[in-house]
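Structure below is model_12.cif: mmCIF, C-alpha atoms and all ligand atoms.
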```cif
data_structure
loop_
_atom_site.label_atom_id
_atom_site.label_comp_id
_atom_site.auth_asym_id
_atom_site.auth_seq_id
_atom_site.Cartn_x
_atom_site.Cartn_y
_atom_site.Cartn_z
CA MET A 1 0.00 0.00 0.00
CA THR A 2 1.27 3.49 -0.87
CA GLN A 3 -0.19 6.99 -0.51
CA ASN A 4 -0.28 9.69 -3.17
CA LEU A 5 1.86 12.80 -2.66
CA ILE A 6 0.19 14.87 -5.40
CA SER A 7 -1.48 17.32 -3.01
CA PHE A 8 1.48 17.52 -0.61
CA HIS A 9 3.89 19.32 -2.95
CA THR A 10 3.42 22.26 -5.30
CA PHE A 11 4.79 20.60 -8.47
CA HIS A 12 1.76 18.27 -8.07
CA LEU A 13 3.55 15.32 -9.67
CA ASP A 14 1.84 11.96 -9.56
CA VAL A 15 4.20 10.28 -7.09
CA THR A 16 3.67 8.20 -3.98
CA ALA A 17 5.20 7.62 -0.55
CA THR A 18 5.01 4.43 1.48
CA GLN A 19 2.98 6.43 3.98
CA ILE A 20 2.17 10.02 4.89
CA ILE A 21 1.72 11.10 8.50
CA GLU A 22 0.36 14.48 9.57
CA ILE A 23 2.14 15.82 12.65
CA THR A 24 0.43 18.19 15.10
CA SER A 25 2.72 18.08 18.16
CA ILE A 26 6.40 17.76 19.01
CA GLU A 27 5.77 14.60 21.08
CA GLN A 28 3.99 12.98 18.13
CA LEU A 29 6.84 13.96 15.79
CA ILE A 30 9.45 12.34 18.05
CA ASN A 31 7.37 9.17 18.56
CA GLU A 32 6.43 8.70 14.91
CA TRP A 33 9.90 9.59 13.57
CA GLN A 34 11.59 7.06 15.83
CA LYS A 35 9.07 4.35 14.90
CA TYR A 36 9.93 4.14 11.19
CA PRO A 37 13.12 3.20 9.34
CA GLN A 38 14.86 5.45 6.78
CA PRO A 39 14.14 6.91 4.32
CA LYS A 40 12.10 9.60 6.09
CA LEU A 41 11.22 13.10 4.99
CA LEU A 42 9.75 16.05 6.89
CA LEU A 43 7.75 18.41 4.70
CA GLY A 44 6.03 21.75 5.21
CA GLN A 45 4.00 22.70 2.14
CA GLY A 46 6.28 20.92 -0.36
CA SER A 47 6.90 24.18 -2.26
CA ASN A 48 10.66 23.80 -2.63
CA ILE A 49 10.93 20.15 -3.58
CA LEU A 50 11.08 18.08 -6.76
CA PHE A 51 10.25 14.39 -6.44
CA LEU A 52 12.26 12.60 -9.12
CA ASP A 53 10.49 9.33 -8.38
CA ASN A 54 8.13 7.65 -5.91
CA PHE A 55 9.47 8.03 -2.38
CA ASP A 56 10.07 4.61 -0.79
CA GLY A 57 9.65 5.80 2.77
CA THR A 58 7.60 7.82 5.26
CA VAL A 59 6.70 11.47 4.73
CA PHE A 60 5.85 13.58 7.81
CA ILE A 61 3.76 16.68 7.20
CA ASN A 62 4.47 19.44 9.72
CA ARG A 63 1.24 20.96 11.02
CA ILE A 64 2.44 21.98 14.48
CA LYS A 65 0.70 25.32 15.07
CA GLY A 66 0.82 28.24 17.46
CA ILE A 67 1.97 31.87 17.71
CA THR A 68 2.96 33.77 20.84
CA HIS A 69 3.46 37.53 20.95
CA GLN A 70 5.37 39.67 23.43
CA GLN A 71 6.56 43.25 23.20
CA ASP A 72 8.59 45.93 24.90
CA GLU A 73 8.99 49.62 24.13
CA HIS A 74 10.94 49.05 20.93
CA PHE A 75 10.18 45.58 19.56
CA HIS A 76 7.57 42.93 18.90
CA TYR A 77 8.79 39.39 19.71
CA LEU A 78 6.98 36.55 17.95
CA LYS A 79 7.53 32.86 18.45
CA VAL A 80 5.92 30.88 15.66
CA GLN A 81 5.57 27.09 15.45
CA GLY A 82 7.05 25.48 12.34
CA GLY A 83 3.78 24.16 10.87
CA GLU A 84 2.16 27.60 10.55
CA ASN A 85 1.57 28.72 6.96
CA TRP A 86 4.03 31.50 6.08
CA HIS A 87 1.66 33.79 4.16
CA GLN A 88 -1.13 33.42 6.74
CA PHE A 89 1.39 34.37 9.42
CA VAL A 90 2.45 37.50 7.46
CA LYS A 91 -1.26 38.44 7.12
CA TRP A 92 -1.79 37.86 10.83
CA THR A 93 1.09 40.26 11.73
CA LEU A 94 -0.48 43.03 9.66
CA GLU A 95 -3.88 42.46 11.26
CA LYS A 96 -2.15 42.98 14.63
CA ASN A 97 -0.44 46.17 13.33
CA ILE A 98 2.97 44.53 13.41
CA ALA A 99 5.06 45.63 10.44
CA GLY A 100 8.25 44.27 8.90
CA LEU A 101 7.21 41.11 7.03
CA GLU A 102 5.04 42.72 4.32
CA ASN A 103 7.69 42.36 1.57
CA LEU A 104 7.63 38.60 2.14
CA ALA A 105 3.90 38.20 1.42
CA LEU A 106 2.60 35.31 -0.68
CA ILE A 107 5.70 33.13 -0.43
CA PRO A 108 4.35 29.57 -0.18
CA GLY A 109 5.54 27.25 2.55
CA CYS A 110 5.63 26.85 6.30
CA VAL A 111 7.32 29.06 8.88
CA GLY A 112 9.52 26.09 9.89
CA SER A 113 11.01 25.90 6.40
CA SER A 114 11.59 29.64 6.04
CA PRO A 115 15.10 29.77 7.64
CA ILE A 116 16.39 26.79 5.62
CA GLN A 117 16.97 28.73 2.44
CA ASN A 118 16.70 32.14 4.14
CA ILE A 119 13.60 32.99 2.11
CA GLY A 120 13.66 36.36 0.48
CA ALA A 121 11.74 38.63 -1.85
CA TYR A 122 11.42 42.34 -2.68
CA GLY A 123 14.65 43.30 -0.92
CA VAL A 124 14.03 41.48 2.39
CA GLU A 125 15.42 38.16 3.60
CA ILE A 126 14.36 36.31 6.70
CA GLU A 127 17.77 36.85 8.30
CA GLN A 128 16.85 40.53 8.73
CA VAL A 129 13.88 39.67 10.96
CA CYS A 130 14.84 36.34 12.53
CA ASP A 131 15.86 36.37 16.19
CA TYR A 132 16.44 32.64 16.83
CA VAL A 133 15.49 29.17 15.57
CA GLU A 134 14.48 26.25 17.81
CA VAL A 135 15.65 22.88 16.56
CA LEU A 136 14.75 19.31 17.49
CA ASP A 137 17.30 16.52 17.14
CA LEU A 138 14.98 13.78 15.85
CA THR A 139 17.36 10.98 16.82
CA THR A 140 17.68 11.91 20.51
CA GLY A 141 14.50 13.96 21.02
CA LYS A 142 16.60 16.84 22.44
CA GLN A 143 15.84 20.47 21.58
CA PHE A 144 18.24 23.38 21.25
CA CYS A 145 18.14 27.00 20.16
CA LEU A 146 20.33 28.73 17.57
CA THR A 147 20.80 32.48 17.51
CA LYS A 148 20.39 34.26 14.19
CA GLU A 149 24.21 34.42 13.88
CA GLU A 150 24.51 30.69 14.52
CA CYS A 151 22.09 30.02 11.65
CA GLN A 152 24.84 31.18 9.22
CA PHE A 153 22.39 32.77 6.82
CA GLY A 154 23.49 33.59 3.28
CA TYR A 155 21.82 33.94 -0.10
CA ARG A 156 19.41 30.96 -0.12
CA GLU A 157 21.73 29.41 2.46
CA SER A 158 21.87 28.48 6.13
CA ILE A 159 23.27 25.90 8.50
CA PHE A 160 20.06 23.89 7.92
CA LYS A 161 21.35 22.90 4.49
CA HIS A 162 24.57 21.60 6.01
CA LYS A 163 25.27 20.63 9.64
CA TYR A 164 21.57 20.41 10.63
CA LYS A 165 20.21 18.96 7.39
CA ASP A 166 19.42 15.32 8.19
CA ASN A 167 17.42 14.17 11.21
CA TYR A 168 16.78 17.68 12.55
CA ALA A 169 13.45 19.52 12.59
CA ILE A 170 12.91 23.24 12.93
CA ILE A 171 10.28 23.45 15.62
CA SER A 172 9.76 27.18 15.87
CA VAL A 173 11.19 30.47 14.67
CA GLY A 174 11.57 33.63 16.76
CA PHE A 175 11.10 37.00 15.05
CA LYS A 176 12.10 40.42 16.39
CA LEU A 177 10.33 43.26 14.60
CA ALA A 178 11.17 46.89 15.32
CA LYS A 179 8.28 49.19 16.24
CA ALA A 180 10.16 52.01 14.46
CA TRP A 181 9.22 50.63 11.07
CA GLN A 182 11.29 51.47 8.00
CA PRO A 183 9.66 50.58 4.67
CA LYS A 184 11.86 48.66 2.20
CA LEU A 185 11.01 50.12 -1.18
CA ALA A 186 14.12 49.57 -3.28
CA TYR A 187 12.77 46.68 -5.31
CA GLY A 188 10.67 46.89 -8.49
CA SER A 189 7.33 48.65 -8.37
CA LEU A 190 7.66 49.32 -4.62
CA SER A 191 9.83 52.31 -5.56
CA GLN A 192 6.64 54.11 -6.66
CA PHE A 193 5.67 54.62 -3.00
CA ASP A 194 6.54 57.64 -0.89
CA PRO A 195 8.51 56.37 2.15
CA GLN A 196 6.94 59.10 4.32
CA THR A 197 3.34 58.04 3.73
CA VAL A 198 3.36 54.39 2.61
CA THR A 199 1.75 51.83 4.95
CA PRO A 200 2.74 48.18 5.51
CA GLN A 201 -0.66 47.17 4.11
CA GLN A 202 0.02 49.03 0.84
CA ILE A 203 3.32 47.20 0.43
CA PHE A 204 1.67 43.87 1.24
CA ASP A 205 -1.08 44.52 -1.34
CA GLU A 206 1.39 45.57 -4.03
CA VAL A 207 3.66 42.55 -3.44
CA CYS A 208 0.63 40.21 -3.61
CA LYS A 209 -0.58 41.89 -6.82
CA VAL A 210 2.76 41.70 -8.62
CA ARG A 211 3.45 38.13 -7.50
CA ALA A 212 -0.01 36.98 -8.64
CA GLU A 213 0.58 38.57 -12.06
CA LYS A 214 4.12 37.25 -12.55
CA LEU A 215 4.21 33.82 -10.98
CA PRO A 216 2.13 30.81 -12.02
CA ASN A 217 -0.36 29.62 -9.42
CA PRO A 218 0.84 26.11 -8.42
CA ASP A 219 -2.77 24.91 -8.34
CA GLU A 220 -3.04 25.72 -12.04
CA PHE A 221 0.47 24.77 -13.20
CA GLY A 222 2.54 22.92 -10.62
CA ASN A 223 5.87 24.60 -9.85
CA ALA A 224 8.31 25.36 -7.04
CA GLY A 225 8.89 29.06 -7.72
CA SER A 226 12.37 30.07 -8.86
CA PHE A 227 13.97 26.86 -10.04
CA PHE A 228 17.53 28.22 -10.15
CA LYS A 229 19.52 30.53 -7.89
CA ASN A 230 20.79 33.82 -9.26
CA PRO A 231 24.48 33.30 -10.07
CA VAL A 232 27.11 35.52 -8.49
CA VAL A 233 30.15 36.16 -10.72
CA ASP A 234 33.48 37.98 -10.47
CA PHE A 235 33.46 41.62 -11.56
CA ALA A 236 35.84 40.90 -14.47
CA LYS A 237 33.51 38.23 -15.84
CA PHE A 238 30.53 40.53 -15.44
CA GLU A 239 32.29 43.31 -17.38
CA LYS A 240 32.96 40.92 -20.24
CA ILE A 241 29.31 39.86 -20.40
CA GLN A 242 28.15 43.47 -20.09
CA THR A 243 30.23 44.44 -23.11
CA ALA A 244 28.31 41.90 -25.19
CA TYR A 245 24.94 42.56 -23.46
CA PRO A 246 24.87 46.19 -22.26
CA ALA A 247 21.28 45.85 -20.97
CA ILE A 248 22.06 43.02 -18.54
CA PRO A 249 20.45 43.69 -15.13
CA HIS A 250 22.98 43.28 -12.30
CA TYR A 251 23.36 43.76 -8.56
CA LEU A 252 26.74 44.66 -7.09
CA GLN A 253 27.48 42.67 -3.90
CA SER A 254 29.34 43.94 -0.84
CA ASP A 255 32.34 41.70 -1.69
CA GLY A 256 32.72 43.29 -5.14
CA LYS A 257 31.10 40.36 -6.98
CA VAL A 258 28.00 40.78 -9.12
CA LYS A 259 24.68 38.93 -8.88
CA LEU A 260 22.92 38.31 -12.19
CA PRO A 261 19.23 37.39 -12.57
CA ALA A 262 19.07 33.76 -13.73
CA GLY A 263 15.63 34.45 -15.27
CA TRP A 264 17.13 37.07 -17.58
CA LEU A 265 19.94 34.73 -18.66
CA ILE A 266 17.42 31.96 -19.44
CA ASP A 267 15.22 34.41 -21.32
CA GLN A 268 18.17 35.46 -23.51
CA CYS A 269 18.41 31.81 -24.61
CA GLN A 270 14.84 32.16 -25.96
CA LEU A 271 13.64 29.38 -23.69
CA LYS A 272 10.26 30.72 -22.52
CA GLY A 273 7.68 28.11 -23.55
CA PHE A 274 10.38 25.48 -24.24
CA LYS A 275 9.08 21.99 -23.36
CA ILE A 276 10.43 18.57 -22.58
CA GLY A 277 7.71 15.95 -22.04
CA GLY A 278 5.11 17.54 -19.74
CA ALA A 279 7.55 20.12 -18.34
CA MET A 280 7.82 23.67 -19.65
CA VAL A 281 9.71 26.92 -19.02
CA HIS A 282 7.00 29.33 -17.86
CA LEU A 283 5.90 31.80 -20.54
CA LYS A 284 5.96 34.88 -18.28
CA GLN A 285 8.88 34.11 -15.94
CA ALA A 286 11.75 32.06 -17.39
CA LEU A 287 13.09 31.23 -13.93
CA VAL A 288 10.08 29.05 -13.19
CA LEU A 289 9.80 25.51 -14.58
CA ILE A 290 6.22 24.26 -14.59
CA ASN A 291 4.34 20.99 -14.68
CA HIS A 292 2.54 21.94 -17.88
CA HIS A 293 0.76 18.67 -18.48
CA ASN A 294 1.23 15.44 -16.53
CA ALA A 295 4.98 16.01 -16.17
CA THR A 296 7.15 13.44 -14.45
CA GLY A 297 10.04 14.30 -12.17
CA GLN A 298 12.33 13.10 -14.94
CA ASP A 299 10.74 15.59 -17.42
CA ILE A 300 11.44 18.47 -15.03
CA LEU A 301 14.99 17.19 -14.43
CA ASN A 302 15.67 16.91 -18.18
CA LEU A 303 14.32 20.41 -18.74
CA ALA A 304 16.49 21.78 -15.93
CA LYS A 305 19.54 20.13 -17.49
CA GLU A 306 18.78 21.62 -20.90
CA VAL A 307 18.23 25.11 -19.47
CA ARG A 308 21.45 24.92 -17.52
CA LYS A 309 23.34 23.72 -20.62
CA GLN A 310 22.03 26.48 -22.85
CA VAL A 311 22.83 29.22 -20.31
CA TYR A 312 26.33 27.79 -19.96
CA GLN A 313 26.86 27.66 -23.71
CA LYS A 314 25.72 31.25 -24.19
CA PHE A 315 27.23 32.97 -21.14
CA ASN A 316 29.79 30.54 -19.72
CA ILE A 317 27.90 30.76 -16.41
CA GLU A 318 26.75 27.80 -14.32
CA ILE A 319 23.27 28.22 -12.88
CA THR A 320 22.40 25.76 -10.12
CA PRO A 321 19.02 24.67 -8.74
CA GLU A 322 17.43 26.37 -5.75
CA VAL A 323 14.86 23.56 -5.54
CA ARG A 324 15.71 20.45 -3.47
CA PHE A 325 15.59 17.09 -5.31
CA MET A 326 14.22 13.93 -3.73
CA GLY A 327 14.94 10.47 -5.11
CA ASN A 328 13.20 7.24 -4.08
CA ASN A 329 15.62 6.72 -1.22
CA GLY A 330 16.45 10.24 -0.05
CA GLU A 331 17.80 13.59 -1.18
CA VAL A 332 19.76 13.76 -4.41
CA ASN A 333 22.42 16.42 -5.10
CA SER A 334 20.56 18.76 -7.47
CA GLU A 335 23.75 20.42 -8.69
CA GLU A 336 25.31 17.10 -9.67
CA VAL A 337 22.30 15.61 -11.44
CA THR A 338 21.66 18.72 -13.56
CA GLN A 339 25.32 19.03 -14.52
CA CYS A 340 25.58 19.11 -18.28
CA THR A 341 28.24 17.57 -20.45
CA ILE A 342 29.00 20.06 -23.18
C1 LIG A 401 5.00 29.97 -6.52
C2 LIG A 401 6.21 29.94 -5.60
C3 LIG A 401 6.87 31.11 -5.29
C4 LIG A 401 8.00 31.11 -4.46
N1 LIG A 401 8.61 32.29 -4.18
C5 LIG A 401 9.69 32.32 -3.34
C6 LIG A 401 10.31 33.57 -3.00
O1 LIG A 401 9.89 34.64 -3.43
N2 LIG A 401 11.39 33.53 -2.17
C7 LIG A 401 11.87 32.36 -1.65
O2 LIG A 401 12.85 32.41 -0.91
N3 LIG A 401 11.28 31.17 -1.95
C8 LIG A 401 10.21 31.12 -2.77
N4 LIG A 401 9.61 29.92 -3.10
C9 LIG A 401 10.17 28.67 -2.52
C10 LIG A 401 9.44 28.19 -1.24
O3 LIG A 401 8.27 28.92 -1.04
C11 LIG A 401 10.33 28.33 -0.01
O4 LIG A 401 11.53 27.63 -0.18
C12 LIG A 401 9.63 27.81 1.27
O5 LIG A 401 10.34 28.23 2.41
C13 LIG A 401 9.49 26.30 1.27
O6 LIG A 401 8.65 25.97 2.35
P1 LIG A 401 7.93 24.56 2.42
O7 LIG A 401 7.27 24.48 3.76
O8 LIG A 401 7.03 24.36 1.26
O9 LIG A 401 9.17 23.58 2.34
P2 LIG A 401 9.17 22.10 1.76
O10 LIG A 401 9.22 22.15 0.28
O11 LIG A 401 8.08 21.30 2.39
O12 LIG A 401 10.58 21.57 2.29
C14 LIG A 401 11.77 22.07 1.73
C15 LIG A 401 12.95 21.37 2.41
O13 LIG A 401 13.00 21.74 3.77
C16 LIG A 401 12.89 20.59 4.63
N5 LIG A 401 12.00 20.96 5.74
C17 LIG A 401 10.72 21.38 5.65
N6 LIG A 401 10.25 21.72 6.86
C18 LIG A 401 11.24 21.48 7.76
C19 LIG A 401 11.38 21.65 9.17
N7 LIG A 401 10.39 22.11 9.93
N8 LIG A 401 12.56 21.32 9.73
C20 LIG A 401 13.60 20.87 8.98
N9 LIG A 401 13.53 20.70 7.64
C21 LIG A 401 12.36 20.99 7.04
C22 LIG A 401 12.30 19.51 3.76
O14 LIG A 401 12.69 18.24 4.19
C23 LIG A 401 12.85 19.86 2.40
O15 LIG A 401 14.14 19.35 2.25
C24 LIG A 401 8.47 29.88 -3.92
C25 LIG A 401 7.78 28.69 -4.22
C26 LIG A 401 6.66 28.71 -5.05
C27 LIG A 401 5.93 27.43 -5.34
#
```

Starting from the file, give its structure as structure tokens.
Ligand SMILES: Cc1cc2nc3c(=O)[nH]c(=O)nc-3n(C[C@H](O)[C@H](O)[C@H](O)COP(=O)(O)OP(=O)(O)OC[C@H]3O[C@@H](n4cnc5c(N)ncnc54)[C@H](O)[C@@H]3O)c2cc1C
Amino acid sequence: MTQNLISFHTFHLDVTATQIIEITSIEQLINEWQKYPQPKLLLGQGSNILFLDNFDGTVFINRIKGITHQQDEHFHYLKVQGGENWHQFVKWTLEKNIAGLENLALIPGCVGSSPIQNIGAYGVEIEQVCDYVEVLDLTTGKQFCLTKEECQFGYRESIFKHKYKDNYAIISVGFKLAKAWQPKLAYGSLSQFDPQTVTPQQIFDEVCKVRAEKLPNPDEFGNAGSFFKNPVVDFAKFEKIQTAYPAIPHYLQSDGKVKLPAGWLIDQCQLKGFKIGGAMVHLKQALVLINHHNATGQDILNLAKEVRKQVYQKFNIEITPEVRFMGNNGEVNSEEVTQCTI
């Protein structure tokens, strides 16, 4: 007997797990996790995962809920359980007149997954608002707390992709939000607002509007958002590319390197609408690979390989997946399996 995973991940591929268990408390998570053999997988909303195959093990769905709120003169302190839905949590903060998360509206997923790749959008990353992360060692049942510094946040990076990757669960995330709110308006259409008069709700509404226009709704066309990370290149390499493509958008980093939008690079390869099997490069946003029609994990993988190859051939730049890949027996190195032989 197996159970279908189609509604537990946003690519909505027709894949199965041996069993799926919904988790609503820490005690239940420890008990159930220790009951079953490997392979095991803890999921939030499944919005950053590509199943390459059926999963021959147990999937645990984190639905541990709860939010506590404290404040002093200068800050709001929120402790949020990992199974809370991220966007609903952002909405909740605005309803309570707590500002600071509005730029991160409409990102799918659970709060417990948000530190793993240091989610970010519209000029804000979670590391700017995170205070601490509470972690459960699933093997021993022991809990511990990491400060924001100990989380080692980087661009789509944290310690949860390395030292605390396997057999650890993020139980809750602490947020510290300043009462002296400063709007973050540097990105895209947010720059239209006047920083003196704009409200958090206006930013939230604008972010939701733009995201709904630009990104495919996973319930219509399965996807996992940005499939690739934006590459960061040396300044000398950037200058060379800029000579050939003067219009290339670019973001200078504090270390002198330059971040380039992977979506723009893919678009220059004329790949919007390009299909392999049931998988397609999204027509409006080249950075998103979609389940266009009954795609398999292999279709998406083959498409990712082809996109990566074409970008490499044109720009001599390696783009690597942001999405995590899951094979039938556990996680697969997404960088290795999309490597192209040219
Ligand atoms: C339409 C769309 C738009 C998106 N836009 C953005 C964006 O703007 N910015 C951005 O940063 N991301 C974006 N994403 C990616 C995604 O929303 C984030 O990566 C999100 O944090 C994933 O959360 P999740 O709960 O769905 O994680 P899942 O996909 O369920 O899990 C991802 C990985 O984390 C592990 N994991 C999950 N929960 C836990 C836990 N509690 N403890 C330990 N490990 C855990 C899983 O085992 C898995 O390896 C987008 C995705 C989609 C579909």

To one decimal in Å, tell me the separation between atom C27 of ligand LIG 401 (chain A) and atom CA of A:Ile107.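 Computing the Euclidean distance for atom C27 of ligand LIG 401 (chain A) and atom CA of A:Ile107 yields 7.5 Å.
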
Residue neighbourhood stretch 37-43 of chain A, 6 Å, all atoms listed in the file, exclusion window fewer than 3 positions, as a VMD selection string: chain A and resid 46 57 to 61 329 to 330

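Using all atoms listed in the file, the nearest neighbour of A:Ile319 within the list A:Ile116, A:Val307, A:Leu289, A:Leu146 is A:Val307.
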
Per residue of stretch 226-329 of chain A within 12 Å of stretch 17-21 of chain A, record the nearest atom pair and its distance in Å to one decimal, counting all atoms listed in the file, with rows in chain order and ascending residue number, as a tab-separated table.
```
residue	atom	partner	partner_atom	distance
A:Met326	CA	A:Ala17	CA	11.5
A:Gly327	CA	A:Ala17	CA	11.1
A:Asn328	CA	A:Ala17	CA	8.8
A:Asn329	CA	A:Ala17	CA	10.5
```

For A:Gln202, the nearest of the candidates A:Asn103, A:Asn62, A:Ser172, A:Gln313, counting only C-alpha atoms: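 Closest to A:Gln202 of all the choices is A:Asn103.
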
Using the partial input, fill out stretch 307-325 of chain A with N, CA, C and O atoms; write the result as a JSON list (two decimals), in the frame of the given file.
```json
[["chain", "number", "residue", "atom", "x", "y", "z"],
["A", 307, "VAL", "N", 18.15, 23.67, -19.76],
["A", 307, "VAL", "CA", 18.23, 25.11, -19.47],
["A", 307, "VAL", "C", 19.63, 25.46, -18.99],
["A", 307, "VAL", "O", 20.25, 26.42, -19.46],
["A", 308, "ARG", "N", 20.12, 24.67, -18.08],
["A", 308, "ARG", "CA", 21.45, 24.92, -17.52],
["A", 308, "ARG", "C", 22.51, 24.86, -18.62],
["A", 308, "ARG", "O", 23.43, 25.69, -18.67],
["A", 309, "LYS", "N", 22.37, 23.88, -19.53],
["A", 309, "LYS", "CA", 23.34, 23.72, -20.62],
["A", 309, "LYS", "C", 23.33, 24.94, -21.55],
["A", 309, "LYS", "O", 24.37, 25.49, -21.89],
["A", 310, "GLN", "N", 22.11, 25.37, -21.89],
["A", 310, "GLN", "CA", 22.03, 26.48, -22.85],
["A", 310, "GLN", "C", 22.57, 27.78, -22.25],
["A", 310, "GLN", "O", 23.22, 28.56, -22.94],
["A", 311, "VAL", "N", 22.30, 28.01, -20.97],
["A", 311, "VAL", "CA", 22.83, 29.22, -20.31],
["A", 311, "VAL", "C", 24.35, 29.14, -20.27],
["A", 311, "VAL", "O", 25.05, 30.13, -20.53],
["A", 312, "TYR", "N", 24.87, 27.95, -20.01],
["A", 312, "TYR", "CA", 26.33, 27.79, -19.96],
["A", 312, "TYR", "C", 26.95, 28.05, -21.33],
["A", 312, "TYR", "O", 27.97, 28.74, -21.45],
["A", 313, "GLN", "N", 26.31, 27.49, -22.36],
["A", 313, "GLN", "CA", 26.86, 27.66, -23.71],
["A", 313, "GLN", "C", 26.87, 29.12, -24.13],
["A", 313, "GLN", "O", 27.79, 29.59, -24.78],
["A", 314, "LYS", "N", 25.83, 29.86, -23.74],
["A", 314, "LYS", "CA", 25.72, 31.25, -24.19],
["A", 314, "LYS", "C", 26.58, 32.21, -23.35],
["A", 314, "LYS", "O", 27.20, 33.13, -23.88],
["A", 315, "PHE", "N", 26.60, 31.98, -22.03],
["A", 315, "PHE", "CA", 27.23, 32.97, -21.14],
["A", 315, "PHE", "C", 28.46, 32.45, -20.39],
["A", 315, "PHE", "O", 29.08, 33.20, -19.64],
["A", 316, "ASN", "N", 28.72, 31.15, -20.50],
["A", 316, "ASN", "CA", 29.79, 30.54, -19.72],
["A", 316, "ASN", "C", 29.55, 30.74, -18.21],
["A", 316, "ASN", "O", 30.47, 31.01, -17.44],
["A", 317, "ILE", "N", 28.28, 30.63, -17.83],
["A", 317, "ILE", "CA", 27.90, 30.76, -16.41],
["A", 317, "ILE", "C", 27.13, 29.51, -16.01],
["A", 317, "ILE", "O", 26.23, 29.06, -16.74],
["A", 318, "GLU", "N", 27.48, 28.96, -14.85],
["A", 318, "GLU", "CA", 26.75, 27.80, -14.32],
["A", 318, "GLU", "C", 25.60, 28.29, -13.46],
["A", 318, "GLU", "O", 25.83, 28.98, -12.47],
["A", 319, "ILE", "N", 24.37, 27.94, -13.81],
["A", 319, "ILE", "CA", 23.27, 28.22, -12.88],
["A", 319, "ILE", "C", 22.92, 26.90, -12.17],
["A", 319, "ILE", "O", 22.93, 25.85, -12.80],
["A", 320, "THR", "N", 22.65, 27.00, -10.88],
["A", 320, "THR", "CA", 22.40, 25.76, -10.12],
["A", 320, "THR", "C", 21.02, 25.83, -9.46],
["A", 320, "THR", "O", 20.52, 26.92, -9.14],
["A", 321, "PRO", "N", 20.40, 24.67, -9.26],
["A", 321, "PRO", "CA", 19.02, 24.67, -8.74],
["A", 321, "PRO", "C", 18.90, 25.22, -7.32],
["A", 321, "PRO", "O", 19.76, 24.97, -6.47],
["A", 322, "GLU", "N", 17.82, 25.95, -7.11],
["A", 322, "GLU", "CA", 17.43, 26.37, -5.75],
["A", 322, "GLU", "C", 16.55, 25.27, -5.13],
["A", 322, "GLU", "O", 16.55, 25.07, -3.92],
["A", 323, "VAL", "N", 15.80, 24.59, -5.99],
["A", 323, "VAL", "CA", 14.86, 23.56, -5.54],
["A", 323, "VAL", "C", 15.62, 22.33, -5.06],
["A", 323, "VAL", "O", 16.67, 21.98, -5.61],
["A", 324, "ARG", "N", 15.10, 21.67, -4.00],
["A", 324, "ARG", "CA", 15.71, 20.45, -3.47],
["A", 324, "ARG", "C", 15.15, 19.23, -4.23],
["A", 324, "ARG", "O", 13.95, 19.17, -4.48],
["A", 325, "PHE", "N", 16.01, 18.27, -4.55],
["A", 325, "PHE", "CA", 15.59, 17.09, -5.31],
["A", 325, "PHE", "C", 15.48, 15.88, -4.39],
["A", 325, "PHE", "O", 16.39, 15.62, -3.60]]
```
